[in-house]
Amino acid sequence: MRYEWGTGDQLLRDDVTVGTAQKGFWRERATIATGEGTWSFRAQGGKRVLITGPDGAEREGALRTGWFRPVWKVAGAAAAYEVTSPHAFTYRLAVLRGGVEIGRIIAARWWTDRPALELDDRVAGDVPLGDALLLLWVGYVIRLRRSRDAGAVASSSP
């Protein structure tokens, strides 16, 4: 199963629209609306992603740990996940549940920085839409920060 942040802020599951998103312009914020409800995501500092779900309660959705190789611990409604880089020099992110890789976050297309979440077909049915959207958003935040960091390093070089 593949979730993708599509063009025009559509959210796709296997190329079928399942929701729409409105990203915040200056901050790492988004509001996502689906047939199952509305979620809002926002970064709080450099290490946290907060989520407000259809129930209206705000909770911590993800926490970044680690120093040299950051690991994002993601608290979904159905399970706990980890998002990390399997290798130091790759843009692909591994999604783990219980220490087992169940999917990956990649660029939606080779020319864009929009994220896509590809889940292993054996576990895709066990990952509810809310959890998949949270994982997709965490992947977006990681990729956005990597791009910003790379741009800052490039602009500071002599």
# chains A, B, ... in the order shown; residues from 1 in each chain; ligands from 1
$ residues_around --residues "Glu101 in chain A" --least-positions-apart "2" --cutoff "10 Å" --atoms "only C-alpha atoms" --output "list in words"
Tyr81, Glu82, Val83, Pro86, Ala94, Val95, Leu96, Arg97, Gly98, Gly99, Gly103, Arg104, Leu119 and Asp120 of chain A
$ residues_around --residues "range 12-18 of chain A" --least-positions-apart "2" --cutoff "8 Å" --atoms "only C-alpha atoms" --output "MDAnalysis selection string"
chainID A and resid 1:6 10 20 34:35
$ write_last_selection --atoms "all heavy atoms" --output "mmCIF file, in the first residue's frame"
data_model
loop_
_atom_site.group_PDB
_atom_site.id
_atom_site.type_symbol
_atom_site.label_atom_id
_atom_site.label_comp_id
_atom_site.auth_asym_id
_atom_site.auth_seq_id
_atom_site.Cartn_x
_atom_site.Cartn_y
_atom_site.Cartn_z
ATOM 1 N N MET A 1 0.852 -1.168 0.000
ATOM 2 C CA MET A 1 0.000 0.000 0.000
ATOM 3 C C MET A 1 0.902 1.237 0.000
ATOM 4 O O MET A 1 1.914 1.265 0.676
ATOM 5 C CB MET A 1 -0.904 -0.010 1.230
ATOM 6 C CG MET A 1 -1.923 1.106 1.222
ATOM 7 S SD MET A 1 -3.134 0.961 2.546
ATOM 8 C CE MET A 1 -3.993 -0.524 2.079
ATOM 9 N N ARG A 2 0.487 2.241 -0.742
ATOM 10 C CA ARG A 2 1.288 3.463 -0.861
ATOM 11 C C ARG A 2 0.428 4.677 -0.532
ATOM 12 O O ARG A 2 -0.634 4.876 -1.123
ATOM 13 C CB ARG A 2 1.843 3.580 -2.270
ATOM 14 C CG ARG A 2 2.663 4.834 -2.513
ATOM 15 C CD ARG A 2 3.115 4.868 -3.970
ATOM 16 N NE ARG A 2 3.646 6.151 -4.349
ATOM 17 C CZ ARG A 2 4.952 6.401 -4.492
ATOM 18 N NH1 ARG A 2 5.827 5.442 -4.304
ATOM 19 N NH2 ARG A 2 5.361 7.586 -4.849
ATOM 20 N N TYR A 3 0.901 5.470 0.419
ATOM 21 C CA TYR A 3 0.306 6.757 0.739
ATOM 22 C C TYR A 3 1.224 7.819 0.171
ATOM 23 O O TYR A 3 2.443 7.684 0.244
ATOM 24 C CB TYR A 3 0.177 6.951 2.248
ATOM 25 C CG TYR A 3 -0.859 6.066 2.888
ATOM 26 C CD1 TYR A 3 -0.530 4.797 3.336
ATOM 27 C CD2 TYR A 3 -2.165 6.504 3.031
ATOM 28 C CE1 TYR A 3 -1.486 3.986 3.923
ATOM 29 C CE2 TYR A 3 -3.123 5.699 3.622
ATOM 30 C CZ TYR A 3 -2.771 4.436 4.065
ATOM 31 O OH TYR A 3 -3.715 3.635 4.638
ATOM 32 N N GLU A 4 0.634 8.874 -0.368
ATOM 33 C CA GLU A 4 1.455 9.895 -1.009
ATOM 34 C C GLU A 4 0.866 11.271 -0.777
ATOM 35 O O GLU A 4 -0.354 11.452 -0.819
ATOM 36 C CB GLU A 4 1.530 9.612 -2.508
ATOM 37 C CG GLU A 4 2.351 10.583 -3.286
ATOM 38 C CD GLU A 4 2.397 10.249 -4.768
ATOM 39 O OE1 GLU A 4 2.353 9.050 -5.115
ATOM 40 O OE2 GLU A 4 2.469 11.188 -5.568
ATOM 41 N N TRP A 5 1.750 12.222 -0.521
ATOM 42 C CA TRP A 5 1.348 13.617 -0.480
ATOM 43 C C TRP A 5 1.327 14.060 -1.927
ATOM 44 O O TRP A 5 2.359 14.325 -2.521
ATOM 45 C CB TRP A 5 2.363 14.426 0.316
ATOM 46 C CG TRP A 5 1.834 15.742 0.761
ATOM 47 C CD1 TRP A 5 1.596 16.816 -0.031
ATOM 48 C CD2 TRP A 5 1.475 16.106 2.080
ATOM 49 N NE1 TRP A 5 1.103 17.842 0.722
ATOM 50 C CE2 TRP A 5 1.028 17.442 2.026
ATOM 51 C CE3 TRP A 5 1.487 15.449 3.293
ATOM 52 C CZ2 TRP A 5 0.600 18.132 3.149
ATOM 53 C CZ3 TRP A 5 1.068 16.136 4.408
ATOM 54 C CH2 TRP A 5 0.618 17.459 4.338
ATOM 55 N N GLY A 6 0.153 14.097 -2.534
ATOM 56 C CA GLY A 6 0.030 14.365 -3.963
ATOM 57 C C GLY A 6 0.075 15.846 -4.289
ATOM 58 O O GLY A 6 0.181 16.705 -3.411
ATOM 59 N N GLN A 10 -3.416 17.017 -2.203
ATOM 60 C CA GLN A 10 -4.258 15.833 -2.069
ATOM 61 C C GLN A 10 -3.455 14.750 -1.363
ATOM 62 O O GLN A 10 -2.247 14.631 -1.562
ATOM 63 C CB GLN A 10 -4.672 15.310 -3.433
ATOM 64 C CG GLN A 10 -5.577 16.209 -4.196
ATOM 65 C CD GLN A 10 -5.955 15.587 -5.530
ATOM 66 O OE1 GLN A 10 -5.597 14.459 -5.828
ATOM 67 N NE2 GLN A 10 -6.676 16.323 -6.326
ATOM 68 N N THR A 20 -7.505 15.735 2.007
ATOM 69 C CA THR A 20 -6.842 16.952 1.563
ATOM 70 C C THR A 20 -6.046 17.519 2.724
ATOM 71 O O THR A 20 -6.339 17.236 3.886
ATOM 72 C CB THR A 20 -7.862 18.012 1.083
ATOM 73 O OG1 THR A 20 -8.759 18.295 2.153
ATOM 74 C CG2 THR A 20 -8.615 17.544 -0.144
ATOM 75 N N THR A 34 -10.055 14.016 6.174
ATOM 76 C CA THR A 34 -10.422 12.793 5.473
ATOM 77 C C THR A 34 -11.866 12.454 5.841
ATOM 78 O O THR A 34 -12.461 13.116 6.686
ATOM 79 C CB THR A 34 -9.517 11.603 5.858
ATOM 80 O OG1 THR A 34 -9.845 11.197 7.190
ATOM 81 C CG2 THR A 34 -8.043 11.953 5.768
ATOM 82 N N GLY A 35 -12.365 11.391 5.254
ATOM 83 C CA GLY A 35 -13.692 10.916 5.623
ATOM 84 C C GLY A 35 -13.738 10.383 7.052
ATOM 85 O O GLY A 35 -14.812 10.270 7.641
#
$ residues_around --residues "range 76-80 of chain A" --least-positions-apart "6" --cutoff "10 Å" --atoms "only C-alpha atoms" --output "ChimeraX atom specification"
/A:51,53,60-62,96-98,126-135
$ closest_residue --among "A:Phe25, A:Trp110, A:Asp121, A:Ile105" --to "Leu136 in chain A" --atoms "only C-alpha atoms"
A:Ile105
$ residues_around --residues "range 26-30 of chain A" --least-positions-apart "6" --cutoff "12 Å" --atoms "only C-alpha atoms" --output "list in words"
Trp5, Asp9, Thr20, Thr38, Trp39, Ser40, Phe41, Arg42, Ala43, Gln44, Gly45, Gly46, Arg48, Val49, Leu50, Ile51, Thr52, Leu133, Leu134, Leu136, Trp137, Val138, Gly139, Tyr140, Val141, Ile142, Arg143, Leu144 and Arg145 of chain A
$ atom_distance --atom1 "CA of Arg114 in chain A" --atom2 "CA of Arg92 in chain A"
12.6 Å
$ select_by_dssp --residues "range 21-130 of chain A" --states "helix (DSSP H, G or I)" --output "CSV table (one decimal) with N, CA, C and O atoms, in the first residue's frame"
chain,number,residue,atom,x,y,z
A,124,ALA,N,0.0,-3.7,5.8
A,124,ALA,CA,-0.7,-2.5,5.4
A,124,ALA,C,-2.1,-2.4,6.0
A,124,ALA,O,-2.5,-1.3,6.4
A,125,GLY,N,-2.8,-3.5,6.1
A,125,GLY,CA,-4.1,-3.5,6.7
A,125,GLY,C,-4.1,-3.2,8.2
A,125,GLY,O,-5.2,-2.8,8.8
A,126,ASP,N,-3.0,-3.4,8.9
A,126,ASP,CA,-2.9,-3.1,10.3
A,126,ASP,C,-2.5,-1.7,10.7
A,126,ASP,O,-2.4,-1.4,11.8
A,129,LEU,N,-5.5,4.7,8.9
A,129,LEU,CA,-5.3,5.9,8.1
A,129,LEU,C,-4.6,7.0,9.0
A,129,LEU,O,-3.7,7.6,8.5
A,130,GLY,N,-5.1,7.2,10.2
A,130,GLY,CA,-4.5,8.2,11.1
A,130,GLY,C,-3.0,8.0,11.3
A,130,GLY,O,-2.2,8.9,11.3
$ select_by_dssp --residues "range 51-146 of chain A" --states "strand (DSSP E or B)" --output "ChimeraX atom specification"
/A:51-52,58-65,71-75,80-84,93-97,100-107,115-119
$ decode --residues "range 66-82 of chain A" --atoms "all heavy atoms" --output "CSV table (one decimal), in the first residue's frame"
chain,number,residue,atom,x,y,z
A,66,GLY,N,18.2,10.4,19.7
A,66,GLY,CA,19.5,10.1,19.1
A,66,GLY,C,20.2,11.4,18.7
A,66,GLY,O,19.6,12.5,18.6
A,67,TRP,N,21.5,11.3,18.4
A,67,TRP,CA,22.3,12.4,18.0
A,67,TRP,C,22.9,12.3,16.6
A,67,TRP,O,22.6,13.0,15.7
A,67,TRP,CB,23.4,12.7,19.1
A,67,TRP,CG,24.2,13.9,18.8
A,67,TRP,CD1,25.5,13.9,18.3
A,67,TRP,CD2,23.8,15.2,18.9
A,67,TRP,NE1,25.9,15.1,18.1
A,67,TRP,CE2,24.9,16.0,18.4
A,67,TRP,CE3,22.7,15.9,19.3
A,67,TRP,CZ2,24.9,17.4,18.4
A,67,TRP,CZ3,22.6,17.3,19.3
A,67,TRP,CH2,23.7,18.0,18.8
A,68,PHE,N,23.8,11.3,16.4
A,68,PHE,CA,24.4,11.1,15.2
A,68,PHE,C,23.5,10.5,14.1
A,68,PHE,O,23.5,10.8,13.0
A,68,PHE,CB,25.7,10.2,15.3
A,68,PHE,CG,26.7,10.9,16.1
A,68,PHE,CD1,27.1,10.5,17.3
A,68,PHE,CD2,27.4,12.0,15.5
A,68,PHE,CE1,28.1,11.2,18.0
A,68,PHE,CE2,28.4,12.7,16.2
A,68,PHE,CZ,28.7,12.3,17.5
A,69,ARG,N,22.6,9.6,14.6
A,69,ARG,CA,21.6,9.0,13.7
A,69,ARG,C,20.3,9.2,14.3
A,69,ARG,O,19.8,8.3,15.1
A,69,ARG,CB,22.0,7.5,13.5
A,69,ARG,CG,21.1,6.9,12.4
A,69,ARG,CD,21.7,5.5,12.1
A,69,ARG,NE,20.5,4.7,11.8
A,69,ARG,CZ,20.3,3.5,12.2
A,69,ARG,NH1,21.2,2.9,12.9
A,69,ARG,NH2,19.3,2.8,11.8
A,70,PRO,N,19.6,10.3,14.0
A,70,PRO,CA,18.3,10.5,14.7
A,70,PRO,C,17.2,9.4,14.4
A,70,PRO,O,17.2,8.9,13.3
A,70,PRO,CB,17.8,11.8,14.1
A,70,PRO,CG,19.0,12.4,13.4
A,70,PRO,CD,19.9,11.3,13.1
A,71,VAL,N,16.5,9.1,15.4
A,71,VAL,CA,15.4,8.2,15.3
A,71,VAL,C,14.1,8.9,15.8
A,71,VAL,O,14.2,9.5,16.9
A,71,VAL,CB,15.6,6.9,16.2
A,71,VAL,CG1,14.4,6.0,16.2
A,71,VAL,CG2,16.9,6.2,15.7
A,72,TRP,N,13.1,8.9,15.1
A,72,TRP,CA,11.8,9.5,15.5
A,72,TRP,C,10.9,8.4,16.0
A,72,TRP,O,10.6,7.4,15.3
A,72,TRP,CB,11.1,10.2,14.3
A,72,TRP,CG,11.8,11.5,13.9
A,72,TRP,CD1,12.9,11.7,13.2
A,72,TRP,CD2,11.3,12.7,14.3
A,72,TRP,NE1,13.2,13.0,13.1
A,72,TRP,CE2,12.2,13.7,13.8
A,72,TRP,CE3,10.2,13.2,15.1
A,72,TRP,CZ2,12.0,15.1,14.0
A,72,TRP,CZ3,10.1,14.6,15.3
A,72,TRP,CH2,11.0,15.5,14.7
A,73,LYS,N,10.6,8.5,17.3
A,73,LYS,CA,9.6,7.6,17.9
A,73,LYS,C,8.2,8.1,17.7
A,73,LYS,O,7.9,9.2,18.2
A,73,LYS,CB,10.0,7.4,19.4
A,73,LYS,CG,11.4,6.9,19.6
A,73,LYS,CD,11.5,6.0,20.8
A,73,LYS,CE,12.9,5.6,20.9
A,73,LYS,NZ,13.2,4.3,20.4
A,74,VAL,N,7.4,7.4,17.0
A,74,VAL,CA,6.1,7.9,16.6
A,74,VAL,C,5.0,7.1,17.4
A,74,VAL,O,5.0,5.8,17.4
A,74,VAL,CB,5.9,7.7,15.1
A,74,VAL,CG1,4.5,8.2,14.7
A,74,VAL,CG2,7.0,8.4,14.3
A,75,ALA,N,4.1,7.8,18.0
A,75,ALA,CA,3.1,7.2,18.8
A,75,ALA,C,1.8,7.3,18.1
A,75,ALA,O,1.0,8.3,18.1
A,75,ALA,CB,3.0,7.9,20.2
A,76,GLY,N,1.5,6.2,17.3
A,76,GLY,CA,0.2,6.2,16.5
A,76,GLY,C,-0.9,5.7,17.4
A,76,GLY,O,-0.7,5.3,18.5
A,77,ALA,N,-2.1,5.8,16.9
A,77,ALA,CA,-3.3,5.4,17.6
A,77,ALA,C,-3.3,3.9,17.8
A,77,ALA,O,-3.8,3.3,18.8
A,77,ALA,CB,-4.6,5.8,16.9
A,78,ALA,N,-2.8,3.1,16.8
A,78,ALA,CA,-2.8,1.7,16.9
A,78,ALA,C,-1.5,1.0,17.3
A,78,ALA,O,-1.5,-0.1,17.8
A,78,ALA,CB,-3.2,1.1,15.5
A,79,ALA,N,-0.4,1.7,17.2
A,79,ALA,CA,0.9,1.1,17.5
A,79,ALA,C,2.0,2.2,17.6
A,79,ALA,O,1.8,3.3,17.3
A,79,ALA,CB,1.3,0.1,16.4
A,80,ALA,N,3.1,1.8,18.1
A,80,ALA,CA,4.3,2.6,18.2
A,80,ALA,C,5.2,2.3,17.0
A,80,ALA,O,5.4,1.1,16.7
A,80,ALA,CB,5.0,2.4,19.5
A,81,TYR,N,5.8,3.3,16.4
A,81,TYR,CA,6.7,3.1,15.2
A,81,TYR,C,8.0,3.9,15.5
A,81,TYR,O,8.1,4.7,16.4
A,81,TYR,CB,6.0,3.7,14.0
A,81,TYR,CG,4.6,3.2,13.7
A,81,TYR,CD1,3.5,3.9,14.3
A,81,TYR,CD2,4.4,2.1,13.0
A,81,TYR,CE1,2.2,3.4,14.0
A,81,TYR,CE2,3.1,1.6,12.7
A,81,TYR,CZ,2.0,2.3,13.3
A,81,TYR,OH,0.7,1.9,13.0
A,82,GLU,N,9.0,3.5,14.7
A,82,GLU,CA,10.2,4.3,14.6
A,82,GLU,C,10.4,4.6,13.2
A,82,GLU,O,10.2,3.8,12.3
A,82,GLU,CB,11.4,3.5,15.2
A,82,GLU,CG,11.3,3.3,16.7
A,82,GLU,CD,12.5,2.6,17.2
A,82,GLU,OE1,13.4,2.1,16.4
A,82,GLU,OE2,12.7,2.5,18.4
